[in-house]
Amino acid sequence: MTLGNFEVVFYTLAFIVPGFVGYSVLSALVPVRAVSSELSLLRFLTFSCFNYAIWTAPLYWAITQGWYARHPILAAVGWGVITLVSPVVIALGLAALRQRQAVARLHRMMGLDSIHPIPTAWDYIFSRGVSTWVLVTLNDGTRIGGYFGARSFASSESGERDLYLEEAYEVSDDGPWKRLTRDAGVWIRGSEMRLIEFRSEEDRHDG
């Protein structure tokens with residue numbers, strides 16, 4: 001038995017696309033561990049199977065009762081919802097659970113230790129969406145103060161952990177930070193950073 005071109009396209013859409021859509025949305029909201037292409041494919045398939053498991057009852061009813069044959073247009077719309085909309089909703093729910101650390105709290109209630117799903121401390125700190133003051137020490141000892149806010153950016157690419165701070169400050173040992181005038185922020189290459197300190201408003205004024 002061989003598969004025709006249409007069947008190949010159908011099975012690809014049915015079992016790969018929902019997982020791809022779901023993981024694309026999920027990785028845009030929370031850091032996801034990078035894996036090989038083979039494991040990525042397995043991730044997509046697993047996500048797709050989970051997606052279909054949710055729809056098992058209505059799909060079984062629609063098929064056994066001949067609903068699909070009687071309503072082809074609604075059936076096409078239904079498949080669109082299952083393969084494209086449903087994975088997005090699932091991914092948003094999973095992202096909300098991760099951001100609120102709901103699973104980790106459940107593990108602690110059960111007395112279990114678990115590995116944190118966020119792969120690195122860098123991802124954990126900068127993926128929370130929390131504005132903060134930072135003091136960056138470069139390899140040559142130079143210190144740069146800055147504000148990491150909504151318009152700042154921290155790379156999620158493991159190969160280059162660069163940092164953009166929307167506000168840059170001159171740091172002195174005996175006084176508050178001084179805003180650099182007419183600056184549009186500062187970009188710092190990851191390989192140039194030796195240390196990043198996170199400061200409160202009071203610490204910033206202490207120098």
# chains A, B, ... in the order shown; residues from 1 in each chain; ligands from 1

call {"tool": "residues_around", "arguments": {"residues": "Arg143 in chain A", "least_positions_apart": "2", "cutoff": "12 Å", "atoms": "only C-alpha atoms", "output": "JSON, numbers by chain"}}
result
{"A": [134, 135, 136, 137, 138, 139, 140, 141, 145, 146, 168, 169, 170, 171, 172, 173, 177, 188, 192, 193, 194, 195, 196, 197, 207]}

call {"tool": "residues_around", "arguments": {"residues": "Trp79 in chain A", "least_positions_apart": "3", "cutoff": "12 Å", "atoms": "only C-alpha atoms", "output": "list in words"}}
result
Phe10, Leu13, Ala14, Val17, Pro18, Asn51, Tyr52, Trp55, Pro58, Leu59, Ala62, Tyr68, Pro72, Ile73, Leu74, Ala75, Ala76, Ile82, Thr83, Leu84, Val85, Ser86 and Pro87 of chain A

call {"tool": "closest_residue", "arguments": {"among": "A:Gly66, A:Phe15, A:Ile54, A:Val186", "to": "Leu41 in chain A", "atoms": "only C-alpha atoms"}}
result
A:Phe15

call {"tool": "atom_distance", "arguments": {"atom1": "CA of Ile90 in chain A", "atom2": "CA of Arg33 in chain A"}}
result
18.5 Å

call {"tool": "atom_distance", "arguments": {"atom1": "CA of Ser40 in chain A", "atom2": "CA of Thr12 in chain A"}}
result
14.5 Å

call {"tool": "atom_distance", "arguments": {"atom1": "CA of Ser27 in chain A", "atom2": "CA of Gly80 in chain A"}}
result
21.8 Å

call {"tool": "residues_around", "arguments": {"residues": "Tyr164 in chain A", "least_positions_apart": "3", "cutoff": "6 Å", "atoms": "only C-alpha atoms", "output": "list in words"}}
result
Ser152, Phe153, Val186 and Trp187 of chain A

call {"tool": "select_by_dssp", "arguments": {"residues": "range 12-196 of chain A", "states": "helix (DSSP H, G or I)", "output": "PyMOL selection string"}}
result
chain A and resi 12-15+17-29+37-54+56-64+67-70+72-99+102-109+121-126+190-192

call {"tool": "write_last_selection", "arguments": {"atoms": "C-alpha atoms", "output": "mmCIF file, in the first residue's frame"}}
result
data_model
loop_
_atom_site.group_PDB
_atom_site.id
_atom_site.type_symbol
_atom_site.label_atom_id
_atom_site.label_comp_id
_atom_site.auth_asym_id
_atom_site.auth_seq_id
_atom_site.Cartn_x
_atom_site.Cartn_y
_atom_site.Cartn_z
ATOM 1 C CA THR A 12 1.247 16.064 7.328
ATOM 2 C CA LEU A 13 -1.395 18.678 8.021
ATOM 3 C CA ALA A 14 -3.200 16.404 10.448
ATOM 4 C CA PHE A 15 -0.269 15.251 12.593
ATOM 5 C CA VAL A 17 0.816 21.209 11.731
ATOM 6 C CA PRO A 18 -1.140 21.265 15.046
ATOM 7 C CA GLY A 19 2.021 20.468 16.989
ATOM 8 C CA PHE A 20 4.065 23.000 15.052
ATOM 9 C CA VAL A 21 1.469 25.724 15.592
ATOM 10 C CA GLY A 22 1.153 24.906 19.283
ATOM 11 C CA TYR A 23 4.889 24.867 19.972
ATOM 12 C CA SER A 24 5.420 28.047 17.952
ATOM 13 C CA VAL A 25 2.958 29.875 20.185
ATOM 14 C CA LEU A 26 4.310 28.265 23.364
ATOM 15 C CA SER A 27 7.958 29.089 22.583
ATOM 16 C CA ALA A 28 6.979 32.711 21.903
ATOM 17 C CA LEU A 29 5.590 33.025 25.436
ATOM 18 C CA SER A 37 15.199 18.148 14.654
ATOM 19 C CA GLU A 38 14.195 14.534 15.351
ATOM 20 C CA LEU A 39 13.018 15.361 18.872
ATOM 21 C CA SER A 40 11.286 18.484 17.569
ATOM 22 C CA LEU A 41 9.285 16.305 15.208
ATOM 23 C CA LEU A 42 8.405 14.019 18.121
ATOM 24 C CA ARG A 43 7.315 17.069 20.105
ATOM 25 C CA PHE A 44 5.001 18.140 17.288
ATOM 26 C CA LEU A 45 3.503 14.663 16.999
ATOM 27 C CA THR A 46 2.962 14.394 20.762
ATOM 28 C CA PHE A 47 1.329 17.816 20.909
ATOM 29 C CA SER A 48 -0.912 16.902 17.973
ATOM 30 C CA CYS A 49 -1.973 13.647 19.647
ATOM 31 C CA PHE A 50 -2.802 15.539 22.839
ATOM 32 C CA ASN A 51 -4.802 18.026 20.793
ATOM 33 C CA TYR A 52 -6.795 15.243 19.113
ATOM 34 C CA ALA A 53 -7.351 13.469 22.428
ATOM 35 C CA ILE A 54 -9.297 16.498 23.629
ATOM 36 C CA THR A 56 -12.001 12.476 20.662
ATOM 37 C CA ALA A 57 -15.661 12.454 21.753
ATOM 38 C CA PRO A 58 -17.007 15.020 19.255
ATOM 39 C CA LEU A 59 -14.890 13.541 16.434
ATOM 40 C CA TYR A 60 -16.161 10.030 17.170
ATOM 41 C CA TRP A 61 -19.751 11.243 17.193
ATOM 42 C CA ALA A 62 -19.355 13.229 13.958
ATOM 43 C CA ILE A 63 -17.788 10.274 12.128
ATOM 44 C CA THR A 64 -20.080 7.525 13.379
ATOM 45 C CA TRP A 67 -22.293 14.296 10.252
ATOM 46 C CA TYR A 68 -19.206 14.992 8.151
ATOM 47 C CA ALA A 69 -20.825 13.566 5.014
ATOM 48 C CA ARG A 70 -23.982 15.642 5.484
ATOM 49 C CA PRO A 72 -18.971 19.103 4.267
ATOM 50 C CA ILE A 73 -18.498 22.871 4.633
ATOM 51 C CA LEU A 74 -18.963 22.803 8.408
ATOM 52 C CA ALA A 75 -16.712 19.754 8.523
ATOM 53 C CA ALA A 76 -13.937 21.701 6.759
ATOM 54 C CA VAL A 77 -14.376 24.592 9.198
ATOM 55 C CA GLY A 78 -14.298 22.116 12.087
ATOM 56 C CA TRP A 79 -11.008 20.615 10.906
ATOM 57 C CA GLY A 80 -9.592 24.123 10.616
ATOM 58 C CA VAL A 81 -10.553 24.818 14.218
ATOM 59 C CA ILE A 82 -9.070 21.521 15.417
ATOM 60 C CA THR A 83 -5.784 21.813 13.512
ATOM 61 C CA LEU A 84 -5.135 25.561 13.828
ATOM 62 C CA VAL A 85 -7.224 27.218 16.543
ATOM 63 C CA SER A 86 -7.261 24.486 19.173
ATOM 64 C CA PRO A 87 -3.404 24.176 19.363
ATOM 65 C CA VAL A 88 -3.160 27.933 19.950
ATOM 66 C CA VAL A 89 -5.655 27.765 22.830
ATOM 67 C CA ILE A 90 -3.825 24.786 24.363
ATOM 68 C CA ALA A 91 -0.466 26.556 24.037
ATOM 69 C CA LEU A 92 -1.840 29.696 25.707
ATOM 70 C CA GLY A 93 -3.134 27.568 28.581
ATOM 71 C CA LEU A 94 0.215 25.776 28.989
ATOM 72 C CA ALA A 95 2.075 29.098 28.870
ATOM 73 C CA ALA A 96 -0.179 30.529 31.578
ATOM 74 C CA LEU A 97 0.456 27.489 33.791
ATOM 75 C CA ARG A 98 4.220 27.776 33.292
ATOM 76 C CA GLN A 99 4.346 31.507 33.893
ATOM 77 C CA ALA A 102 1.296 26.099 38.755
ATOM 78 C CA VAL A 103 2.861 22.707 38.041
ATOM 79 C CA ALA A 104 5.861 23.449 40.274
ATOM 80 C CA ARG A 105 3.537 24.406 43.142
ATOM 81 C CA LEU A 106 1.610 21.175 42.646
ATOM 82 C CA HIS A 107 4.864 19.206 42.803
ATOM 83 C CA ARG A 108 5.836 20.941 46.037
ATOM 84 C CA MET A 109 2.420 20.156 47.538
ATOM 85 C CA ALA A 121 18.813 31.263 34.510
ATOM 86 C CA TRP A 122 19.160 33.877 31.747
ATOM 87 C CA ASP A 123 15.851 32.763 30.234
ATOM 88 C CA TYR A 124 14.191 32.649 33.651
ATOM 89 C CA ILE A 125 15.204 36.192 34.608
ATOM 90 C CA PHE A 126 14.466 37.914 31.326
ATOM 91 C CA GLY A 190 27.005 38.790 25.276
ATOM 92 C CA SER A 191 30.697 37.906 25.048
ATOM 93 C CA GLU A 192 31.601 41.298 26.569
#

call {"tool": "select_by_dssp", "arguments": {"residues": "range 37-160 of chain A", "states": "strand (DSSP E or B)", "output": "number ranges by chain"}}
result
A: 132-138, 143-148, 153-154

call {"tool": "closest_residue", "arguments": {"among": "A:Tyr11, A:Trp133, A:Tyr147, A:Phe6", "to": "Gly185 in chain A", "atoms": "only C-alpha atoms"}}
result
A:Tyr147

call {"tool": "residues_around", "arguments": {"residues": "Gly149 in chain A", "least_positions_apart": "3", "cutoff": "9 Å", "atoms": "only C-alpha atoms", "output": "PyMOL selection string"}}
result
chain A and resi 129-133+152-153+165-167

call {"tool": "write_last_selection", "arguments": {"atoms": "C-alpha atoms", "output": "PDB file, in the first residue's frame"}}
result
ATOM      1  CA  GLY A 129       8.472  40.501  31.780  1.00  0.00           C
ATOM      2  CA  VAL A 130       9.489  42.323  34.972  1.00  0.00           C
ATOM      3  CA  SER A 131      11.093  45.754  34.650  1.00  0.00           C
ATOM      4  CA  THR A 132      14.278  46.136  36.662  1.00  0.00           C
ATOM      5  CA  TRP A 133      17.495  48.117  37.041  1.00  0.00           C
ATOM      6  CA  SER A 152      14.413  46.489  26.279  1.00  0.00           C
ATOM      7  CA  PHE A 153      15.425  43.122  24.886  1.00  0.00           C
ATOM      8  CA  LEU A 165      18.788  48.345  27.618  1.00  0.00           C
ATOM      9  CA  GLU A 166      16.376  51.131  26.756  1.00  0.00           C
ATOM     10  CA  GLU A 167      18.062  53.545  29.179  1.00  0.00           C
TER      11      GLU A 167
END

call {"tool": "decode", "arguments": {"residues": "range 40-80 of chain A", "atoms": "C-alpha atoms", "output": "PDB file, in the first residue's frame"}}
result
ATOM      1  CA  SER A  40      11.286  18.484  17.569  1.00  0.00           C
ATOM      2  CA  LEU A  41       9.285  16.305  15.208  1.00  0.00           C
ATOM      3  CA  LEU A  42       8.405  14.019  18.121  1.00  0.00           C
ATOM      4  CA  ARG A  43       7.315  17.069  20.105  1.00  0.00           C
ATOM      5  CA  PHE A  44       5.001  18.140  17.288  1.00  0.00           C
ATOM      6  CA  LEU A  45       3.503  14.663  16.999  1.00  0.00           C
ATOM      7  CA  THR A  46       2.962  14.394  20.762  1.00  0.00           C
ATOM      8  CA  PHE A  47       1.329  17.816  20.909  1.00  0.00           C
ATOM      9  CA  SER A  48      -0.912  16.902  17.973  1.00  0.00           C
ATOM     10  CA  CYS A  49      -1.973  13.647  19.647  1.00  0.00           C
ATOM     11  CA  PHE A  50      -2.802  15.539  22.839  1.00  0.00           C
ATOM     12  CA  ASN A  51      -4.802  18.026  20.793  1.00  0.00           C
ATOM     13  CA  TYR A  52      -6.795  15.243  19.113  1.00  0.00           C
ATOM     14  CA  ALA A  53      -7.351  13.469  22.428  1.00  0.00           C
ATOM     15  CA  ILE A  54      -9.297  16.498  23.629  1.00  0.00           C
ATOM     16  CA  TRP A  55     -11.548  16.258  20.574  1.00  0.00           C
ATOM     17  CA  THR A  56     -12.001  12.476  20.662  1.00  0.00           C
ATOM     18  CA  ALA A  57     -15.661  12.454  21.753  1.00  0.00           C
ATOM     19  CA  PRO A  58     -17.007  15.020  19.255  1.00  0.00           C
ATOM     20  CA  LEU A  59     -14.890  13.541  16.434  1.00  0.00           C
ATOM     21  CA  TYR A  60     -16.161  10.030  17.170  1.00  0.00           C
ATOM     22  CA  TRP A  61     -19.751  11.243  17.193  1.00  0.00           C
ATOM     23  CA  ALA A  62     -19.355  13.229  13.958  1.00  0.00           C
ATOM     24  CA  ILE A  63     -17.788  10.274  12.128  1.00  0.00           C
ATOM     25  CA  THR A  64     -20.080   7.525  13.379  1.00  0.00           C
ATOM     26  CA  GLN A  65     -23.241   9.581  12.864  1.00  0.00           C
ATOM     27  CA  GLY A  66     -22.300  10.611   9.333  1.00  0.00           C
ATOM     28  CA  TRP A  67     -22.293  14.296  10.252  1.00  0.00           C
ATOM     29  CA  TYR A  68     -19.206  14.992   8.151  1.00  0.00           C
ATOM     30  CA  ALA A  69     -20.825  13.566   5.014  1.00  0.00           C
ATOM     31  CA  ARG A  70     -23.982  15.642   5.484  1.00  0.00           C
ATOM     32  CA  HIS A  71     -22.208  18.920   6.305  1.00  0.00           C
ATOM     33  CA  PRO A  72     -18.971  19.103   4.267  1.00  0.00           C
ATOM     34  CA  ILE A  73     -18.498  22.871   4.633  1.00  0.00           C
ATOM     35  CA  LEU A  74     -18.963  22.803   8.408  1.00  0.00           C
ATOM     36  CA  ALA A  75     -16.712  19.754   8.523  1.00  0.00           C
ATOM     37  CA  ALA A  76     -13.937  21.701   6.759  1.00  0.00           C
ATOM     38  CA  VAL A  77     -14.376  24.592   9.198  1.00  0.00           C
ATOM     39  CA  GLY A  78     -14.298  22.116  12.087  1.00  0.00           C
ATOM     40  CA  TRP A  79     -11.008  20.615  10.906  1.00  0.00           C
ATOM     41  CA  GLY A  80      -9.592  24.123  10.616  1.00  0.00           C
TER      42      GLY A  80
END
